[in-house]
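Here's upload33.cif, which has mmCIF, C-alpha atoms, pLDDT in the B column; chains and numbers go by the auth columns:
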data_query
loop_
_atom_site.group_PDB
_atom_site.id
_atom_site.type_symbol
_atom_site.label_atom_id
_atom_site.label_comp_id
_atom_site.label_asym_id
_atom_site.label_seq_id
_atom_site.Cartn_x
_atom_site.Cartn_y
_atom_site.Cartn_z
_atom_site.B_iso_or_equiv
_atom_site.auth_seq_id
_atom_site.auth_asym_id
ATOM 1 C CA MET A 1 -128.845 267.296 -123.892 50.00 1377 A
ATOM 2 C CA ASP A 2 -131.910 268.165 -125.928 54.00 1378 A
ATOM 3 C CA SER A 3 -131.593 271.785 -127.141 51.00 1379 A
ATOM 4 C CA GLY A 4 -135.371 272.110 -126.728 52.00 1380 A
ATOM 5 C CA VAL A 5 -134.920 271.584 -122.993 60.00 1381 A
ATOM 6 C CA ASP A 6 -132.231 274.273 -122.848 73.00 1382 A
ATOM 7 C CA ASN A 7 -134.358 276.760 -124.827 76.00 1383 A
ATOM 8 C CA ASN A 8 -137.342 275.939 -122.627 81.00 1384 A
ATOM 9 C CA LEU A 9 -135.250 276.649 -119.516 85.00 1385 A
ATOM 10 C CA LEU A 10 -134.029 279.993 -120.848 86.00 1386 A
ATOM 11 C CA GLU A 11 -137.583 281.089 -121.611 88.00 1387 A
ATOM 12 C CA LEU A 12 -138.832 279.760 -118.282 88.00 1388 A
ATOM 13 C CA ARG A 13 -136.100 281.567 -116.372 89.00 1389 A
ATOM 14 C CA SER A 14 -137.004 284.866 -118.044 88.00 1390 A
ATOM 15 C CA ASN A 15 -140.613 284.485 -116.786 86.00 1391 A
ATOM 16 C CA LEU A 16 -139.703 283.906 -113.134 90.00 1392 A
ATOM 17 C CA ARG A 17 -139.875 286.954 -110.856 85.00 1393 A
ATOM 18 C CA GLY A 18 -139.493 285.443 -107.421 86.00 1394 A
ATOM 19 C CA GLN A 19 -136.032 284.819 -105.962 92.00 1395 A
ATOM 20 C CA GLU A 20 -137.208 281.570 -104.372 92.00 1396 A
ATOM 21 C CA GLN A 21 -138.457 280.272 -107.722 93.00 1397 A
ATOM 22 C CA LEU A 22 -135.120 281.114 -109.319 94.00 1398 A
ATOM 23 C CA ALA A 23 -133.331 279.315 -106.482 95.00 1399 A
ATOM 24 C CA VAL A 24 -135.490 276.192 -106.955 96.00 1400 A
ATOM 25 C CA LEU A 25 -134.920 276.202 -110.718 95.00 1401 A
ATOM 26 C CA ASP A 26 -131.155 276.719 -110.298 94.00 1402 A
ATOM 27 C CA TYR A 27 -130.970 273.873 -107.784 96.00 1403 A
ATOM 28 C CA TRP A 28 -132.975 271.576 -110.077 96.00 1404 A
ATOM 29 C CA CYS A 29 -130.637 272.423 -112.993 94.00 1405 A
ATOM 30 C CA GLU A 30 -127.564 271.810 -110.827 95.00 1406 A
ATOM 31 C CA ARG A 31 -128.866 268.433 -109.638 96.00 1407 A
ATOM 32 C CA ARG A 32 -129.842 267.223 -113.118 94.00 1408 A
ATOM 33 C CA GLY A 33 -126.392 267.856 -114.560 92.00 1409 A
ATOM 34 C CA SER A 34 -126.349 266.686 -118.191 91.00 1410 A
ATOM 35 C CA ARG A 35 -129.559 264.677 -117.790 93.00 1411 A
ATOM 36 C CA ARG A 36 -133.026 265.800 -118.797 93.00 1412 A
ATOM 37 C CA MET A 37 -134.117 265.864 -115.124 96.00 1413 A
ATOM 38 C CA PRO A 38 -132.802 264.847 -111.707 97.00 1414 A
ATOM 39 C CA ALA A 39 -134.216 261.926 -109.751 96.00 1415 A
ATOM 40 C CA ARG A 40 -135.946 262.477 -106.409 95.00 1416 A
ATOM 41 C CA SER A 41 -132.939 260.827 -104.758 95.00 1417 A
ATOM 42 C CA ASP A 42 -130.688 263.552 -106.216 96.00 1418 A
ATOM 43 C CA LEU A 43 -132.396 266.209 -104.090 96.00 1419 A
ATOM 44 C CA ASP A 44 -131.129 267.052 -100.633 94.00 1420 A
ATOM 45 C CA PRO A 45 -133.955 268.247 -98.358 89.00 1421 A
ATOM 46 C CA LEU A 46 -131.425 270.256 -96.330 93.00 1422 A
ATOM 47 C CA ALA A 47 -130.431 272.224 -99.432 93.00 1423 A
ATOM 48 C CA LEU A 48 -134.091 273.143 -99.930 92.00 1424 A
ATOM 49 C CA ALA A 49 -134.924 273.640 -96.233 95.00 1425 A
ATOM 50 C CA ARG A 50 -135.704 277.374 -96.402 94.00 1426 A
ATOM 51 C CA LEU A 51 -137.875 276.817 -99.485 94.00 1427 A
ATOM 52 C CA MET A 52 -139.798 273.784 -98.183 95.00 1428 A
ATOM 53 C CA PRO A 53 -142.859 275.692 -96.864 95.00 1429 A
ATOM 54 C CA ASN A 54 -143.806 276.520 -100.493 95.00 1430 A
ATOM 55 C CA ILE A 55 -142.819 273.169 -102.040 96.00 1431 A
ATOM 56 C CA MET A 56 -144.909 270.178 -102.936 96.00 1432 A
ATOM 57 C CA LEU A 57 -143.872 266.753 -104.253 97.00 1433 A
ATOM 58 C CA VAL A 58 -146.396 264.905 -106.379 96.00 1434 A
ATOM 59 C CA GLU A 59 -145.977 261.271 -107.372 94.00 1435 A
ATOM 60 C CA THR A 60 -147.026 260.022 -110.807 90.00 1436 A
ATOM 61 C CA SER A 61 -148.255 256.486 -110.323 75.00 1437 A
ATOM 62 C CA ASP A 62 -148.750 254.905 -113.719 64.00 1438 A
ATOM 63 C CA ILE A 63 -147.237 254.802 -117.155 53.00 1439 A
ATOM 64 C CA ASP A 64 -149.653 257.300 -118.723 51.00 1440 A
ATOM 65 C CA CYS A 65 -149.357 259.672 -115.756 50.00 1441 A
ATOM 66 C CA ALA A 66 -153.129 259.787 -115.269 59.00 1442 A
ATOM 67 C CA ARG A 67 -152.944 259.365 -111.477 83.00 1443 A
ATOM 68 C CA TYR A 68 -151.161 261.737 -109.145 91.00 1444 A
ATOM 69 C CA ARG A 69 -150.674 261.562 -105.395 93.00 1445 A
ATOM 70 C CA TYR A 70 -149.411 264.165 -102.942 94.00 1446 A
ATOM 71 C CA ARG A 71 -146.217 262.878 -101.299 95.00 1447 A
ATOM 72 C CA LEU A 72 -145.071 266.027 -99.479 95.00 1448 A
ATOM 73 C CA ILE A 73 -146.763 269.375 -98.975 95.00 1449 A
ATOM 74 C CA GLY A 74 -145.017 272.363 -97.448 95.00 1450 A
ATOM 75 C CA THR A 75 -146.558 274.016 -94.399 94.00 1451 A
ATOM 76 C CA ARG A 76 -147.359 277.274 -96.205 92.00 1452 A
ATOM 77 C CA VAL A 77 -149.140 275.377 -98.989 92.00 1453 A
ATOM 78 C CA VAL A 78 -151.157 273.433 -96.386 92.00 1454 A
ATOM 79 C CA GLN A 79 -152.116 276.695 -94.654 90.00 1455 A
ATOM 80 C CA ALA A 80 -153.034 278.340 -97.954 88.00 1456 A
ATOM 81 C CA THR A 81 -155.274 275.458 -99.058 86.00 1457 A
ATOM 82 C CA GLY A 82 -156.793 275.003 -95.602 87.00 1458 A
ATOM 83 C CA GLU A 83 -156.234 271.241 -95.745 88.00 1459 A
ATOM 84 C CA ASP A 84 -153.392 268.745 -95.620 92.00 1460 A
ATOM 85 C CA ARG A 85 -153.638 266.588 -98.741 92.00 1461 A
ATOM 86 C CA THR A 86 -150.535 264.482 -98.027 94.00 1462 A
ATOM 87 C CA GLY A 87 -151.025 260.919 -99.263 93.00 1463 A
ATOM 88 C CA ARG A 88 -154.228 261.735 -101.157 91.00 1464 A
ATOM 89 C CA HIS A 89 -154.765 261.234 -104.885 89.00 1465 A
ATOM 90 C CA PHE A 90 -155.810 264.233 -106.952 87.00 1466 A
ATOM 91 C CA ALA A 91 -159.139 262.525 -107.748 85.00 1467 A
ATOM 92 C CA GLU A 92 -160.027 262.798 -104.026 86.00 1468 A
ATOM 93 C CA VAL A 93 -159.466 266.563 -103.883 85.00 1469 A
ATOM 94 C CA ALA A 94 -162.283 269.047 -104.547 80.00 1470 A
ATOM 95 C CA PHE A 95 -159.896 271.553 -106.157 79.00 1471 A
ATOM 96 C CA PHE A 96 -159.366 269.301 -109.190 80.00 1472 A
ATOM 97 C CA ARG A 97 -163.100 268.759 -109.626 81.00 1473 A
ATOM 98 C CA GLN A 98 -163.521 272.560 -109.608 80.00 1474 A
ATOM 99 C CA HIS A 99 -160.492 273.159 -111.890 80.00 1475 A
ATOM 100 C CA PRO A 100 -160.045 270.083 -114.136 83.00 1476 A
ATOM 101 C CA ASP A 101 -157.731 272.021 -116.458 86.00 1477 A
ATOM 102 C CA GLU A 102 -155.140 272.103 -113.664 84.00 1478 A
ATOM 103 C CA LEU A 103 -154.759 268.343 -114.009 86.00 1479 A
ATOM 104 C CA GLN A 104 -153.721 268.913 -117.624 88.00 1480 A
ATOM 105 C CA ARG A 105 -150.862 271.133 -116.461 90.00 1481 A
ATOM 106 C CA TYR A 106 -149.435 268.336 -114.329 91.00 1482 A
ATOM 107 C CA ALA A 107 -149.884 265.985 -117.294 89.00 1483 A
ATOM 108 C CA ALA A 108 -147.978 268.453 -119.492 91.00 1484 A
ATOM 109 C CA VAL A 109 -144.957 268.187 -117.178 93.00 1485 A
ATOM 110 C CA ALA A 110 -145.194 264.398 -116.949 91.00 1486 A
ATOM 111 C CA ILE A 111 -145.615 263.848 -120.674 90.00 1487 A
ATOM 112 C CA SER A 112 -143.174 266.487 -121.991 91.00 1488 A
ATOM 113 C CA ARG A 113 -140.637 265.832 -119.208 93.00 1489 A
ATOM 114 C CA ARG A 114 -140.059 269.602 -119.164 93.00 1490 A
ATOM 115 C CA PRO A 115 -140.605 272.289 -116.534 95.00 1491 A
ATOM 116 C CA VAL A 116 -143.826 274.286 -116.670 94.00 1492 A
ATOM 117 C CA PHE A 117 -144.628 277.673 -115.106 93.00 1493 A
ATOM 118 C CA THR A 118 -148.261 278.701 -114.646 91.00 1494 A
ATOM 119 C CA LEU A 119 -150.564 281.003 -112.742 88.00 1495 A
ATOM 120 C CA GLU A 120 -152.910 278.867 -110.638 81.00 1496 A
ATOM 121 C CA PRO A 121 -156.237 279.853 -109.090 76.00 1497 A
ATOM 122 C CA PHE A 122 -155.609 278.900 -105.467 79.00 1498 A
ATOM 123 C CA THR A 123 -158.584 278.158 -103.200 78.00 1499 A
ATOM 124 C CA ASN A 124 -158.571 277.839 -99.432 80.00 1500 A
ATOM 125 C CA GLN A 125 -161.072 275.005 -98.944 76.00 1501 A
ATOM 126 C CA ALA A 126 -161.697 275.899 -95.292 80.00 1502 A
ATOM 127 C CA HIS A 127 -162.649 279.537 -95.946 82.00 1503 A
ATOM 128 C CA GLY A 128 -163.565 279.545 -99.641 79.00 1504 A
ATOM 129 C CA THR A 129 -161.054 282.339 -100.304 83.00 1505 A
ATOM 130 C CA THR A 130 -159.415 282.396 -103.719 84.00 1506 A
ATOM 131 C CA TYR A 131 -156.196 284.045 -104.797 84.00 1507 A
ATOM 132 C CA ASP A 132 -153.490 283.644 -107.411 87.00 1508 A
ATOM 133 C CA ALA A 133 -150.295 281.674 -107.077 90.00 1509 A
ATOM 134 C CA GLU A 134 -147.443 281.225 -109.513 93.00 1510 A
ATOM 135 C CA ARG A 135 -146.544 277.563 -109.783 93.00 1511 A
ATOM 136 C CA LEU A 136 -143.218 276.265 -111.023 96.00 1512 A
ATOM 137 C CA MET A 137 -143.443 272.545 -111.807 96.00 1513 A
ATOM 138 C CA LEU A 138 -140.252 270.548 -112.337 97.00 1514 A
ATOM 139 C CA PRO A 139 -140.075 266.901 -113.437 96.00 1515 A
ATOM 140 C CA LEU A 140 -138.121 264.315 -111.450 97.00 1516 A
ATOM 141 C CA GLY A 141 -137.270 260.855 -112.752 95.00 1517 A
ATOM 142 C CA ARG A 142 -134.797 258.030 -112.345 90.00 1518 A
ATOM 143 C CA ALA A 143 -134.632 257.747 -116.127 88.00 1519 A
ATOM 144 C CA ASP A 144 -134.791 260.543 -118.693 87.00 1520 A
ATOM 145 C CA ASP A 145 -137.786 258.943 -120.409 88.00 1521 A
ATOM 146 C CA HIS A 146 -140.205 258.797 -117.453 90.00 1522 A
ATOM 147 C CA VAL A 147 -141.331 261.286 -114.794 93.00 1523 A
ATOM 148 C CA ASP A 148 -141.741 259.646 -111.367 93.00 1524 A
ATOM 149 C CA MET A 149 -142.497 262.824 -109.428 96.00 1525 A
ATOM 150 C CA ILE A 150 -143.170 266.504 -109.948 97.00 1526 A
ATOM 151 C CA LEU A 151 -141.650 269.118 -107.673 97.00 1527 A
ATOM 152 C CA ALA A 152 -143.908 272.173 -107.465 97.00 1528 A
ATOM 153 C CA HIS A 153 -142.975 275.499 -105.921 96.00 1529 A
ATOM 154 C CA PHE A 154 -145.656 278.106 -105.210 94.00 1530 A
ATOM 155 C CA ARG A 155 -145.237 281.864 -105.081 93.00 1531 A
ATOM 156 C CA PHE A 156 -148.433 283.470 -103.833 90.00 1532 A
ATOM 157 C CA ARG A 157 -149.256 286.705 -105.685 88.00 1533 A
ATOM 158 C CA SER A 158 -152.312 287.702 -103.685 83.00 1534 A
ATOM 159 C CA GLY A 159 -154.056 286.932 -100.442 79.00 1535 A
ATOM 160 C CA PRO A 160 -152.657 286.415 -96.953 80.00 1536 A
ATOM 161 C CA TYR A 161 -149.797 284.168 -98.147 80.00 1537 A
ATOM 162 C CA ARG A 162 -148.465 286.688 -100.663 82.00 1538 A
ATOM 163 C CA SER A 163 -144.722 286.333 -101.192 77.00 1539 A
ATOM 164 C CA ALA A 164 -142.430 289.301 -100.756 71.00 1540 A
ATOM 165 C CA SER A 165 -139.903 288.090 -103.334 63.00 1541 A
#
Turn this file's structure into structure tokens for me.
Amino acid sequence: MDSGVDNNLLELRSNLRGQEQLAVLDYWCERRGSRRMPARSDLDPLALARLMPNIMLVETSDIDCARYRYRLIGTRVVQATGEDRTGRHFAEVAFFRQHPDELQRYAAVAISRRPVFTLEPFTNQAHGTTYDAERLMLPLGRADDHVDMILAHFRFRSGPYRSAS
């Protein structure tokens, strides 16, 4: 195991405040074992059932990770954005035209093959409301050298979807 990954995880863990985010990170670590990251097939949706409303799975669709597509979006994330983006590519979504730097954060996960934790400006497209959400992004891949998907967990810090923990 790359010691940089382990140091990254220790630092990441110290930044997480929400119990759900810690649970997602712990599960991801458990499922990856001695590998750099688990594969999507290593995840059991039943084990994540209570966390699914705030989870999103994003597919990386080419070798340089320039294209991303929503594969699964939790119900709370759909409600918070005001739209169901399932199956859509990021290029089709207004949010990424308004916040192009957010695309770079997904690229950072795909290229580094390491988890990333950020504060995201979240916008409800139906109402135009904006609020902050913590986003934990975890790489998934069948091989340690390529990210096939990114698992994202959101913890809303403000607005009507604010998380208690």
Å distance separating atom CA of Ala1423 of chain A from atom CA of Ala1399 of chain A, one decimal place: 10.4 Å
Nearby residues (all atoms listed in the file) at most 12 Å from His1475 of chain A, same-chain spacing under 6 positions excluded, as a list in words: Phe1466, Ala1467, Val1469, Arg1481, Glu1496, Pro1497, Phe1498 and Thr1499 of chain A
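Those residues returned by the PyMOL selection byres ((chain A and resi 1479) around 12) for this file are Val1434, Thr1436, Cys1441, Ala1442, Arg1443, Tyr1444, Arg1445, His1465, Phe1466, Ala1467, Val1469, Phe1471, Phe1472, Arg1473, Gln1474, His1475, Pro1476, Asp1477, Glu1478, Gln1480, Arg1481, Tyr1482, Ala1483, Ala1484, Val1485, Ala1486 and Glu1496 of chain A.
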Would you mind reading off the distance between atom CA of Gln1395 of chain A and atom CA of Asp1382 of chain A, one decimal, in Å? 20.3 Å
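Of the listed residues A:Ala1540, A:Leu1495, A:Ile1487, A:Leu1527, the one whose atoms come nearest to Ile1449 of chain A is A:Leu1527, with distances taken using all atoms listed in the file.
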Pick from A:Arg1461, A:His1522, A:Arg1533, A:His1503: nearest to Arg1393 of chain A, with only C-alpha atoms counted? A:Arg1533
Taken to one decimal, the atom CA of Leu1514 of chain A-atom CA of Val1492 of chain A distance is 6.7 Å
Quick one: residues within 12 Å of Arg1389 of chain A, only C-alpha atoms counted, chain neighbours fewer than 6 positions away excluded, as an MDAnalysis selection string? chainID A and resid 1382:1383 1395 1397:1402 1405 1491:1493 1512
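Closest to Asn1430 of chain A among A:Arg1452, A:Arg1518, A:Arg1407, A:Arg1538 is A:Arg1452, based on only C-alpha atoms.
Residues in contact with Ile1431 of chain A at up to 7 Å, not including ones fewer than 2 positions away on its chain and judged by only C-alpha atoms, are A:Leu1427, A:Met1428, A:Pro1429, A:Leu1433, A:Ile1449, A:Gly1450, A:Ala1528, A:His1529, A:Phe1530.
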What are the closest atom pairs, with distances in Å to one decimal, for each residue of segment 1436-1518 of chain A lying within 7 Å of segment 1412-1420 of chain A, using only C-alpha atoms, rows by chain and rising residue number, as CSV?
residue,atom,partner,partner_atom,distance
A:Pro1515,CA,A:Met1413,CA,6.3
A:Leu1516,CA,A:Ala1415,CA,4.9
A:Gly1517,CA,A:Ala1415,CA,4.4
A:Arg1518,CA,A:Ala1415,CA,4.7
Nearest to Glu1468 of chain A, restricted to all atoms listed in the file and choosing among A:Trp1404, A:Arg1426, A:Val1453, A:Tyr1446, comes out as A:Tyr1446
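Among the candidates A:Met1513, A:Val1454, A:Met1525, A:Ala1519, the residue lying nearest to Gln1501 of chain A is A:Val1454 (atoms considered: only C-alpha atoms).
When all atoms listed in the file are used to compute distances to Asp1524 of chain A, the closest of the residues A:Arg1411, A:Arg1511, A:Arg1489, A:Arg1464 turns out to be A:Arg1489.
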